[in-house]
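A.B. asks: First the structure, which I've put down as structure tokens, then a few questions once you've had a look.
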Amino acid sequence: HSFKLDMSTTPRLMAAAAKHPNYSDELTFASLSGAAGRSDVDELNGSTRCVLVGEALMRAPDAGALVNELRYPSSSVATKRVLAKVCGVTTAEDAVLACRAGADLIGVINVQKSKRYVDAGQASEIVDAVRAFGEREARWAPSSHASLDEWADALRTATDRGRPLVFGVVQDQPLADVQKFVDESGVDVIQLHGSENREYAESLQVPHARVLHAEPSEDIDAAAADLAATYAQVASAKCCLVLV
């Protein structure tokens, strides 16, 4: 037994068990596949009526709140948790420390003028360490979503089992260079920090986060309107997050 998290194990085994001649609806089966949030319980609904939760309770800052979340439907608990991103990570060791501290998103900067620049090889080591921490086998591969709210929920779901994602930060670099960086590093998301247009963003093989640069202003409403207009020009179904 590898002890690696695989939420597909329980449904797969239960489908096989249902075909056994001694199977009975009166039997209670427990899932031991690492449920750590309400989304996991919902995912297992119909396969089993019992889940074993261990490491998630050890990691949770409030074990009681997590128990309530696991026990009761999502409509009765606050599921819109804030995502924490730690950026500028340069070593696998620092990435793991950030993961242990509760980071949902780890950022690596592939912009040469940055003091925290990492190349594809260094980024790959960080990606491997983060995936090992979260017992994630492969790159995040979500479907497109119609709104940023839907993307936010997708990010929460992807990271809610203590399974951080890695963002690769780029800025006005040739598209081919960024695509090569994605392939060689294995990052889950590209964070566009420059003036990259929509066509550029949609040519990336992974989802992207968009940074919008705001000018200092005393008129908050006007500044917000300017940002909304700027985003409208580059909005994409592959944009999973906007940072200001």
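Residues are named by chain letter and number: chains run A, B, ... in the order of the structure tokens, numbers start at 1 in each chain, and ligands are numbered from 1 in the order shown.
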Which residues, written as a PyMOL selection string, have at least one atom at most 8 Å from A:Ile106, with only C-alpha atoms counted and residues fewer than 2 positions away on the same chain left out?

C.D. replies: chain A and resi 85-87+89+95+98-99+103-104+108+164-167

A.B. asks: Skipping near chain neighbours, those fewer than 3 positions away, what residues fall within 9 Å of A:Val234 using only C-alpha atoms, listed as a VMD selection string?

C.D. replies: chain A and resid 196 to 199 201 210 230 to 231

A.B. asks: Which is closer to A:Leu155 than all the others in A:Gln233, A:Val182, A:Arg81, A:Glu69, using only C-alpha atoms?

C.D. replies: A:Arg81

A.B. asks: Extract, using only C-alpha atoms, all DNA, RNA and protein residues at most 9 Å from stretch 176-179 of chain A, discarding same-chain residues fewer than 6 positions from it, and format them as a list in words.

C.D. replies: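 Using only C-alpha atoms, the neighbours found are Asn110, Val170, Ile190, Ser203, Leu204 and Gln205 of chain A.
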
A.B. asks: For a quick check of understanding, using only C-alpha atoms, which of A:Arg156, A:Arg59, A:His20, A:Arg71 has the smallest distance to A:Asp42?

C.D. replies: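 Going through A:Arg156, A:Arg59, A:His20, A:Arg71 one by one, the smallest distance to A:Asp42 is for A:Arg71.
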
A.B. asks: If you run DSSP on this backbone, which residues of stretch 9-225 of chain A come out as alpha helix (DSSP H), and could you give them as JSON, numbers by chain?

C.D. replies: {"A": [9, 10, 11, 12, 13, 14, 15, 16, 17, 38, 39, 40, 41, 42, 43, 44, 55, 56, 57, 58, 59, 63, 64, 65, 66, 67, 68, 69, 70, 71, 92, 93, 94, 95, 96, 97, 98, 99, 100, 120, 121, 122, 123, 124, 125, 126, 127, 128, 129, 130, 131, 132, 133, 134, 148, 149, 150, 151, 152, 153, 154, 155, 156, 157, 158, 159, 175, 176, 177, 178, 179, 180, 181, 182, 183, 184, 185, 198, 199, 200, 201, 202, 220, 221, 222, 223, 224, 225]}
